[in-house]
Amino acid sequence: MSSALTDLLAHPIVQAPMAGGVSLPQLAAAVADAGALGFLAAGYKTADGMYQEIKTLRGITKRPFGVNLFMPQPEYADPAAVEVYAHQLAGEVTWYDTGLGDPDSGRDDGYDAKLAVLLDNPVPVVSFHFGVPSPDVLDSLRRAGTLTLVTATTAEEALAVQRAGADGVIVQGAEAGGHQGTHRDNPETDGAAIGLLSLLAQVRESVDLPLVAAGGIMRGSQIAAVLAAGACAAQLGTAFLATPESGAHALHKEALTNPLFVRTELTRAFSGRPARGLVNRFVREHGPYAPAAYPEVHHLTSPLRKKAAASGDAQGMALWAGQGHRMARALPAGELVALLADEIAAARAALPDGGEQA
């Protein structure tokens with residue numbers, strides 16, 4: 001599958017699927033047309049909404065692309081803990097003059113309906129986050145001509161991906177922005193996320209699958225490093241967040257390089273699942289108390305996040321970002337891909353052997 005995936009790419013670069021309206025068809029098209037792999041994010045969309053974005057993307061590029069799905073979540077959240085957190089957010093309700101969302105708005109993100117669309121209208125690549133699809137699902141997509149990738153955050157999770165029959169693993173390090181794609185959200189492991197290079201080495205020794213490295217990658221030299229460490233491509237999210245084709249809010253793009261935001265951390269504050277974002281007031285005040293309850297907390301805080309964005313208050317927004325956010329470049333996506341490709345070539349050329357072993 002390594003050759004099957006890399007045959008789709010002129011450059012070993014994958015644009016991460018960023019849910020919540022960031023990964024627009026225009027972004028995926030610009031990335032794809034530049035020779036990398038663009039991705040749509042189906043998370044938080046309806047099946048029809050996903051289908052319409054696929055149609056739009058196919059109308060503006062003929063290049064290969066991918067679609068990302070969220071796995072349905074098991075019911076293990078404590079309703080009492082969610083209720084306590086809702087009470088804690090009372091001040092936010094008053095401040096933003098809006099209500100809280102319904103924590104019971106849905107757990108499966110329309111998974112089955114989205115799969116049906118993707119089997120009826122196959123796309124080149126489908127990736128999965130928050131768990132491993134069944135072998136039957138992966139086999140059905142393979143028969144439809146679709147390559148499958150599944151996120152793993154540990155070597156054990158990567159083994160589960162291999163056993164299920166996926167075509168490749170997205171190895172997500174602790175540095176990555178947005179949600180960690182852990183297969184099960186265990187609060188006892190909070191703080192145990194593994195850095196990308198260490199994780200990549202562990203996964204490479206554990207599975208015999210092509211690996212796509214993800215986590216804090218912002219420069220071509222970093223891509224060259226993960227390729228040398230055994231990945232066949234690198235997945236970048238935050239690097240594409242600041243591009244004009246990204247659907248991220250203007251305040252989110254500005255915050256990436258704003259010295260007011262000095263660091264990122266993994267927080268449950270906005271969604272109930274560990275996700276890396278810029279530390280703002282909301283994260284500081286609520287992160288320590290947010291329960292392990294996804295997607296309940298995501299639904300609960302949705303109106304607050306929307307109102308904060310509408311009122312221009314970055315301190316109440318979920319500013320997802322990887323650890324390399326200060327290195328963001330507000331270039332058109334196609335130009336960014338070309339620059340990254342040049343940086344990969346320069347990094348390889350600087351090696352004593354001219355990069356022949358890379």
# chains A, B, ... in the order shown; residues from 1 in each chain; ligands from 1
call {"tool": "closest_atom_pairs", "arguments": {"of": "region 6-100 of chain A", "to": "region 239-256 of chain A", "cutoff": "12 Å", "atoms": "only C-alpha atoms", "output": "Markdown table"}}
result
| residue | atom | partner | partner_atom | distance |
| --- | --- | --- | --- | --- |
| A:Ile13 | CA | A:Ala239 | CA | 11.2 |
| A:Val14 | CA | A:Phe240 | CA | 10.2 |
| A:Gln15 | CA | A:Phe240 | CA | 7.1 |
| A:Ala16 | CA | A:Phe240 | CA | 8.2 |
| A:Pro17 | CA | A:Phe240 | CA | 10.1 |
| A:Met18 | CA | A:Leu241 | CA | 8.6 |
| A:Ala19 | CA | A:Ala248 | CA | 9.9 |
| A:Gly20 | CA | A:Ala248 | CA | 8.3 |
| A:Gly21 | CA | A:Gly247 | CA | 5.6 |
| A:Val22 | CA | A:Gly247 | CA | 4.0 |
| A:Ser23 | CA | A:Ser246 | CA | 6.1 |
| A:Leu24 | CA | A:Gly247 | CA | 5.9 |
| A:Pro25 | CA | A:Glu245 | CA | 8.6 |
| A:Gln26 | CA | A:Glu245 | CA | 5.8 |
| A:Leu27 | CA | A:Glu245 | CA | 4.7 |
| A:Ala28 | CA | A:Glu245 | CA | 8.5 |
| A:Ala29 | CA | A:Glu245 | CA | 9.3 |
| A:Ala30 | CA | A:Glu245 | CA | 7.8 |
| A:Val31 | CA | A:Phe240 | CA | 9.1 |
| A:Gly38 | CA | A:Phe240 | CA | 10.4 |
| A:Phe39 | CA | A:Phe240 | CA | 11.3 |
| A:Leu40 | CA | A:Ser246 | CA | 11.3 |
| A:Ala41 | CA | A:Gly247 | CA | 11.6 |
call {"tool": "write_last_selection", "arguments": {"atoms": "N, CA and C atoms", "output": "PDB file, in the first residue's frame"}}
result
ATOM      1  N   ILE A  13       3.193  14.520   1.118  1.00  0.00           N
ATOM      2  CA  ILE A  13       2.527  15.465   2.019  1.00  0.00           C
ATOM      3  C   ILE A  13       1.030  15.193   2.009  1.00  0.00           C
ATOM      4  N   VAL A  14       0.458  15.057   3.190  1.00  0.00           N
ATOM      5  CA  VAL A  14      -0.980  14.862   3.350  1.00  0.00           C
ATOM      6  C   VAL A  14      -1.525  16.025   4.170  1.00  0.00           C
ATOM      7  N   GLN A  15      -2.567  16.669   3.675  1.00  0.00           N
ATOM      8  CA  GLN A  15      -3.240  17.732   4.437  1.00  0.00           C
ATOM      9  C   GLN A  15      -4.202  17.072   5.410  1.00  0.00           C
ATOM     10  N   ALA A  16      -4.004  17.327   6.692  1.00  0.00           N
ATOM     11  CA  ALA A  16      -4.845  16.690   7.705  1.00  0.00           C
ATOM     12  C   ALA A  16      -6.298  17.135   7.560  1.00  0.00           C
ATOM     13  N   PRO A  17      -7.229  16.202   7.768  1.00  0.00           N
ATOM     14  CA  PRO A  17      -8.647  16.579   7.780  1.00  0.00           C
ATOM     15  C   PRO A  17      -8.985  17.259   9.099  1.00  0.00           C
ATOM     16  N   MET A  18      -9.374  18.520   9.042  1.00  0.00           N
ATOM     17  CA  MET A  18      -9.670  19.291  10.249  1.00  0.00           C
ATOM     18  C   MET A  18     -11.157  19.586  10.284  1.00  0.00           C
ATOM     19  N   ALA A  19     -11.858  18.952  11.225  1.00  0.00           N
ATOM     20  CA  ALA A  19     -13.304  19.074  11.303  1.00  0.00           C
ATOM     21  C   ALA A  19     -13.710  20.451  11.819  1.00  0.00           C
ATOM     22  N   GLY A  20     -14.993  20.745  11.711  1.00  0.00           N
ATOM     23  CA  GLY A  20     -15.500  22.014  12.196  1.00  0.00           C
ATOM     24  C   GLY A  20     -15.482  23.110  11.159  1.00  0.00           C
ATOM     25  N   GLY A  21     -15.380  22.746   9.885  1.00  0.00           N
ATOM     26  CA  GLY A  21     -15.448  23.747   8.828  1.00  0.00           C
ATOM     27  C   GLY A  21     -14.118  24.248   8.323  1.00  0.00           C
ATOM     28  N   VAL A  22     -13.011  23.670   8.790  1.00  0.00           N
ATOM     29  CA  VAL A  22     -11.679  24.124   8.357  1.00  0.00           C
ATOM     30  C   VAL A  22     -11.296  23.535   7.012  1.00  0.00           C
ATOM     31  N   SER A  23     -11.491  22.226   6.857  1.00  0.00           N
ATOM     32  CA  SER A  23     -11.037  21.535   5.638  1.00  0.00           C
ATOM     33  C   SER A  23     -12.068  21.681   4.520  1.00  0.00           C
ATOM     34  N   LEU A  24     -12.124  22.857   3.955  1.00  0.00           N
ATOM     35  CA  LEU A  24     -13.052  23.136   2.866  1.00  0.00           C
ATOM     36  C   LEU A  24     -12.623  22.421   1.586  1.00  0.00           C
ATOM     37  N   PRO A  25     -13.554  22.181   0.660  1.00  0.00           N
ATOM     38  CA  PRO A  25     -13.169  21.614  -0.638  1.00  0.00           C
ATOM     39  C   PRO A  25     -12.109  22.445  -1.350  1.00  0.00           C
ATOM     40  N   GLN A  26     -12.153  23.756  -1.171  1.00  0.00           N
ATOM     41  CA  GLN A  26     -11.171  24.630  -1.833  1.00  0.00           C
ATOM     42  C   GLN A  26      -9.765  24.373  -1.303  1.00  0.00           C
ATOM     43  N   LEU A  27      -9.649  24.083  -0.008  1.00  0.00           N
ATOM     44  CA  LEU A  27      -8.341  23.752   0.558  1.00  0.00           C
ATOM     45  C   LEU A  27      -7.854  22.419   0.033  1.00  0.00           C
ATOM     46  N   ALA A  28      -8.712  21.409   0.087  1.00  0.00           N
ATOM     47  CA  ALA A  28      -8.313  20.089  -0.400  1.00  0.00           C
ATOM     48  C   ALA A  28      -7.930  20.129  -1.871  1.00  0.00           C
ATOM     49  N   ALA A  29      -8.653  20.901  -2.660  1.00  0.00           N
ATOM     50  CA  ALA A  29      -8.361  20.998  -4.096  1.00  0.00           C
ATOM     51  C   ALA A  29      -7.019  21.670  -4.345  1.00  0.00           C
ATOM     52  N   ALA A  30      -6.757  22.757  -3.625  1.00  0.00           N
ATOM     53  CA  ALA A  30      -5.487  23.460  -3.814  1.00  0.00           C
ATOM     54  C   ALA A  30      -4.309  22.579  -3.449  1.00  0.00           C
ATOM     55  N   VAL A  31      -4.452  21.820  -2.354  1.00  0.00           N
ATOM     56  CA  VAL A  31      -3.392  20.903  -1.927  1.00  0.00           C
ATOM     57  C   VAL A  31      -3.207  19.796  -2.956  1.00  0.00           C
ATOM     58  N   GLY A  38      -5.048  16.121  -0.574  1.00  0.00           N
ATOM     59  CA  GLY A  38      -6.010  16.923   0.155  1.00  0.00           C
ATOM     60  C   GLY A  38      -7.045  16.038   0.827  1.00  0.00           C
ATOM     61  N   PHE A  39      -7.613  16.525   1.936  1.00  0.00           N
ATOM     62  CA  PHE A  39      -8.581  15.743   2.698  1.00  0.00           C
ATOM     63  C   PHE A  39      -9.792  16.586   3.066  1.00  0.00           C
ATOM     64  N   LEU A  40     -10.956  15.971   2.991  1.00  0.00           N
ATOM     65  CA  LEU A  40     -12.174  16.527   3.550  1.00  0.00           C
ATOM     66  C   LEU A  40     -12.413  15.908   4.921  1.00  0.00           C
ATOM     67  N   ALA A  41     -13.010  16.670   5.820  1.00  0.00           N
ATOM     68  CA  ALA A  41     -13.337  16.182   7.158  1.00  0.00           C
ATOM     69  C   ALA A  41     -14.842  16.002   7.258  1.00  0.00           C
TER      70      ALA A  41
END
call {"tool": "select_by_dssp", "arguments": {"residues": "region 92-330 of chain A", "states": "strand (DSSP E)", "output": "MDAnalysis selection string"}}
result
chainID A and resid 125:129 147:152 168:172 178:179 211:214 233:236 264:267 275:278
call {"tool": "write_last_selection", "arguments": {"atoms": "N, CA, C and O atoms", "output": "short mmCIF file (atom, residue, chain, number, x, y, z; two decimals), in the first residue's frame"}}
result
data_model
loop_
_atom_site.label_atom_id
_atom_site.label_comp_id
_atom_site.auth_asym_id
_atom_site.auth_seq_id
_atom_site.Cartn_x
_atom_site.Cartn_y
_atom_site.Cartn_z
N VAL A 125 -9.21 7.66 -0.94
CA VAL A 125 -8.69 7.33 0.39
C VAL A 125 -9.75 7.69 1.44
O VAL A 125 -10.40 8.74 1.34
N VAL A 126 -9.93 6.82 2.43
CA VAL A 126 -10.76 7.12 3.59
C VAL A 126 -9.93 6.85 4.84
O VAL A 126 -9.28 5.81 4.95
N SER A 127 -9.92 7.81 5.77
CA SER A 127 -9.23 7.62 7.04
C SER A 127 -10.23 7.66 8.18
O SER A 127 -11.34 8.19 8.04
N PHE A 128 -9.82 7.08 9.32
CA PHE A 128 -10.70 6.95 10.47
C PHE A 128 -10.00 7.47 11.72
O PHE A 128 -8.81 7.27 11.90
N HIS A 129 -10.79 8.13 12.58
CA HIS A 129 -10.28 8.73 13.81
C HIS A 129 -11.12 8.23 14.98
O HIS A 129 -12.32 7.99 14.82
N LEU A 147 -8.42 3.13 -0.56
CA LEU A 147 -7.36 2.86 0.41
C LEU A 147 -7.81 3.35 1.78
O LEU A 147 -8.46 4.40 1.89
N THR A 148 -7.47 2.62 2.84
CA THR A 148 -7.92 2.98 4.18
C THR A 148 -6.74 3.24 5.12
O THR A 148 -5.77 2.49 5.14
N LEU A 149 -6.86 4.30 5.90
CA LEU A 149 -5.89 4.67 6.91
C LEU A 149 -6.61 4.84 8.24
O LEU A 149 -7.76 5.31 8.28
N VAL A 150 -5.95 4.47 9.34
CA VAL A 150 -6.54 4.60 10.67
C VAL A 150 -5.51 5.23 11.60
O VAL A 150 -4.35 4.82 11.61
N THR A 151 -5.94 6.21 12.38
CA THR A 151 -5.05 6.87 13.33
C THR A 151 -4.72 5.95 14.50
O THR A 151 -5.59 5.25 15.01
N ALA A 152 -3.47 6.00 14.93
CA ALA A 152 -3.03 5.28 16.13
C ALA A 152 -2.12 6.21 16.93
O ALA A 152 -1.31 6.95 16.36
N GLY A 168 -3.04 1.21 6.04
CA GLY A 168 -1.94 1.98 6.59
C GLY A 168 -2.33 2.62 7.91
O GLY A 168 -3.50 2.64 8.30
N VAL A 169 -1.32 3.15 8.61
CA VAL A 169 -1.51 3.77 9.93
C VAL A 169 -1.09 5.23 9.88
O VAL A 169 0.00 5.55 9.38
N ILE A 170 -1.95 6.09 10.41
CA ILE A 170 -1.55 7.47 10.67
C ILE A 170 -1.01 7.50 12.09
O ILE A 170 -1.76 7.31 13.05
N VAL A 171 0.28 7.69 12.22
CA VAL A 171 0.95 7.67 13.53
C VAL A 171 0.90 9.09 14.09
O VAL A 171 1.60 9.97 13.61
N GLN A 172 0.05 9.29 15.10
CA GLN A 172 -0.18 10.64 15.62
C GLN A 172 0.56 10.86 16.92
O GLN A 172 0.25 10.24 17.94
N GLY A 178 -5.46 19.63 17.64
CA GLY A 178 -6.77 18.99 17.57
C GLY A 178 -6.83 17.73 18.41
O GLY A 178 -5.98 17.48 19.28
N HIS A 179 -7.84 16.92 18.14
CA HIS A 179 -8.09 15.74 18.98
C HIS A 179 -7.07 14.63 18.76
O HIS A 179 -6.75 14.29 17.62
N LEU A 211 3.33 3.84 7.04
CA LEU A 211 3.06 4.78 8.11
C LEU A 211 3.04 6.21 7.59
O LEU A 211 3.91 6.62 6.81
N VAL A 212 2.03 6.97 8.01
CA VAL A 212 1.94 8.40 7.74
C VAL A 212 2.15 9.11 9.07
O VAL A 212 1.41 8.87 10.03
N ALA A 213 3.17 9.95 9.16
CA ALA A 213 3.53 10.59 10.42
C ALA A 213 2.80 11.90 10.60
O ALA A 213 2.74 12.73 9.68
N ALA A 214 2.25 12.13 11.80
CA ALA A 214 1.50 13.35 12.09
C ALA A 214 1.85 13.86 13.48
O ALA A 214 1.97 13.09 14.43
N ALA A 233 4.95 9.20 4.26
CA ALA A 233 4.43 10.55 4.03
C ALA A 233 4.23 11.21 5.39
O ALA A 233 4.27 10.56 6.44
N ALA A 234 4.02 12.51 5.37
CA ALA A 234 3.74 13.27 6.59
C ALA A 234 2.39 13.96 6.46
O ALA A 234 2.04 14.45 5.38
N GLN A 235 1.64 13.97 7.56
CA GLN A 235 0.35 14.65 7.57
C GLN A 235 0.47 15.94 8.36
O GLN A 235 0.92 15.94 9.50
N LEU A 236 0.05 17.05 7.75
CA LEU A 236 0.16 18.37 8.36
C LEU A 236 -1.22 19.01 8.47
O LEU A 236 -1.97 19.05 7.48
N THR A 264 0.55 25.63 23.87
CA THR A 264 -0.60 24.75 23.66
C THR A 264 -0.64 23.72 24.79
O THR A 264 0.35 23.52 25.49
N GLU A 265 -1.78 23.09 24.95
CA GLU A 265 -1.85 21.93 25.84
C GLU A 265 -3.02 21.05 25.42
O GLU A 265 -3.93 21.49 24.69
N LEU A 266 -2.95 19.81 25.86
CA LEU A 266 -4.06 18.88 25.63
C LEU A 266 -5.13 19.16 26.68
O LEU A 266 -4.84 19.18 27.88
N THR A 267 -6.35 19.40 26.22
CA THR A 267 -7.42 19.78 27.13
C THR A 267 -8.71 19.06 26.77
O THR A 267 -8.96 18.75 25.60
N ALA A 275 -7.60 17.17 23.39
CA ALA A 275 -7.34 17.83 22.12
C ALA A 275 -6.36 18.96 22.37
O ALA A 275 -6.48 19.68 23.38
N ARG A 276 -5.38 19.11 21.48
CA ARG A 276 -4.36 20.14 21.69
C ARG A 276 -4.81 21.46 21.06
O ARG A 276 -5.15 21.52 19.88
N GLY A 277 -4.78 22.50 21.87
CA GLY A 277 -5.13 23.83 21.39
C GLY A 277 -4.34 24.89 22.11
O GLY A 277 -3.67 24.63 23.13
N LEU A 278 -4.42 26.11 21.60
CA LEU A 278 -3.80 27.25 22.26
C LEU A 278 -4.48 27.47 23.61
O LEU A 278 -5.70 27.38 23.73
#
call {"tool": "closest_residue", "arguments": {"among": "A:Glu188, A:Leu199, A:His299, A:Ser140", "to": "Ala158 (chain A)", "atoms": "only C-alpha atoms"}}
result
A:Leu199
call {"tool": "residues_around", "arguments": {"residues": "Tyr76 (chain A)", "least_positions_apart": "2", "cutoff": "9 Å", "atoms": "only C-alpha atoms", "output": "ChimeraX atom specification"}}
result
/A:73-74,78,292-293
call {"tool": "write_last_selection", "arguments": {"atoms": "N, CA, C and O atoms", "output": "PDB file, in the first residue's frame"}}
result
ATOM      1  N   GLN A  73     -18.819   6.503  19.175  1.00  0.00           N
ATOM      2  CA  GLN A  73     -18.220   6.432  20.505  1.00  0.00           C
ATOM      3  C   GLN A  73     -19.050   5.585  21.461  1.00  0.00           C
ATOM      4  O   GLN A  73     -20.284   5.680  21.476  1.00  0.00           O
ATOM      5  N   PRO A  74     -18.398   4.750  22.258  1.00  0.00           N
ATOM      6  CA  PRO A  74     -19.132   3.945  23.248  1.00  0.00           C
ATOM      7  C   PRO A  74     -19.718   4.831  24.338  1.00  0.00           C
ATOM      8  O   PRO A  74     -19.233   5.943  24.588  1.00  0.00           O
ATOM      9  N   ASP A  78     -20.039   9.549  32.380  1.00  0.00           N
ATOM     10  CA  ASP A  78     -20.865   9.621  33.584  1.00  0.00           C
ATOM     11  C   ASP A  78     -21.817  10.815  33.446  1.00  0.00           C
ATOM     12  O   ASP A  78     -21.366  11.972  33.457  1.00  0.00           O
ATOM     13  N   ALA A 292     -14.232  13.290  31.268  1.00  0.00           N
ATOM     14  CA  ALA A 292     -14.006  12.447  30.096  1.00  0.00           C
ATOM     15  C   ALA A 292     -15.376  12.082  29.546  1.00  0.00           C
ATOM     16  O   ALA A 292     -15.979  11.093  29.960  1.00  0.00           O
ATOM     17  N   ALA A 293     -15.883  12.896  28.645  1.00  0.00           N
ATOM     18  CA  ALA A 293     -17.253  12.723  28.159  1.00  0.00           C
ATOM     19  C   ALA A 293     -17.372  13.297  26.751  1.00  0.00           C
ATOM     20  O   ALA A 293     -17.786  14.438  26.557  1.00  0.00           O
TER      21      ALA A 293
END
call {"tool": "closest_residue", "arguments": {"among": "A:Gly322, A:Gly165, A:Gly220, A:Pro187", "to": "His11 (chain A)", "atoms": "only C-alpha atoms"}}
result
A:Gly220
call {"tool": "select_by_dssp", "arguments": {"residues": "region 60-271 of chain A", "states": "helix (DSSP H, G or I)", "output": "MDAnalysis selection string"}}
result
chainID A and resid 60 79:88 90:96 111:120 135:143 155:164 187:189 196:204 220:228 238:241 250:255
call {"tool": "closest_atom_pairs", "arguments": {"of": "region 106-178 of chain A", "to": "region 46-58 of chain A", "cutoff": "8 Å", "atoms": "only C-alpha atoms", "output": "Markdown table"}}
result
| residue | atom | partner | partner_atom | distance |
| --- | --- | --- | --- | --- |
| A:Asp109 | CA | A:Thr46 | CA | 7.6 |
| A:Gly110 | CA | A:Thr46 | CA | 6.4 |
| A:Ala113 | CA | A:Ala47 | CA | 5.8 |
| A:Lys114 | CA | A:Ala47 | CA | 4.8 |
| A:Val117 | CA | A:Tyr51 | CA | 7.0 |
call {"tool": "closest_residue", "arguments": {"among": "A:Gly91, A:Gly35, A:Gly173, A:Pro122", "to": "Val67 (chain A)", "atoms": "only C-alpha atoms"}}
result
A:Pro122
call {"tool": "residues_around", "arguments": {"residues": "Pro288 (chain A)", "least_positions_apart": "5", "cutoff": "9 Å", "atoms": "only C-alpha atoms", "output": "mmCIF file with N, CA and C atoms, in the first residue's frame"}}
result
data_model
loop_
_atom_site.group_PDB
_atom_site.id
_atom_site.type_symbol
_atom_site.label_atom_id
_atom_site.label_comp_id
_atom_site.auth_asym_id
_atom_site.auth_seq_id
_atom_site.Cartn_x
_atom_site.Cartn_y
_atom_site.Cartn_z
ATOM 1 N N THR A 267 -6.348 19.401 26.224
ATOM 2 C CA THR A 267 -7.420 19.780 27.132
ATOM 3 C C THR A 267 -8.714 19.063 26.773
ATOM 4 N N ARG A 268 -9.548 18.832 27.775
ATOM 5 C CA ARG A 268 -10.894 18.295 27.571
ATOM 6 C C ARG A 268 -11.946 19.408 27.627
ATOM 7 N N ALA A 269 -11.526 20.641 27.810
ATOM 8 C CA ALA A 269 -12.435 21.727 28.133
ATOM 9 C C ALA A 269 -13.581 21.890 27.143
ATOM 10 N N VAL A 283 -9.741 27.485 28.382
ATOM 11 C CA VAL A 283 -8.938 26.302 28.710
ATOM 12 C C VAL A 283 -8.407 26.396 30.141
#
call {"tool": "residues_around", "arguments": {"residues": "His87 (chain A)", "least_positions_apart": "5", "cutoff": "12 Å", "atoms": "only C-alpha atoms", "output": "count of residues only"}}
result
13
call {"tool": "atom_distance", "arguments": {"atom1": "CA of Val161 (chain A)", "atom2": "CA of Leu227 (chain A)"}}
result
20.7 Å
call {"tool": "residues_around", "arguments": {"residues": "Gln222 (chain A)", "least_positions_apart": "6", "cutoff": "9 Å", "atoms": "only C-alpha atoms", "output": "number ranges by chain"}}
result
A: 216, 234, 344, 347
call {"tool": "residues_around", "arguments": {"residues": "Arg326 (chain A)", "least_positions_apart": "4", "cutoff": "9 Å", "atoms": "only C-alpha atoms", "output": "list in words"}}
result
Leu256, Thr257, Asn258, Pro259 and Val262 of chain A
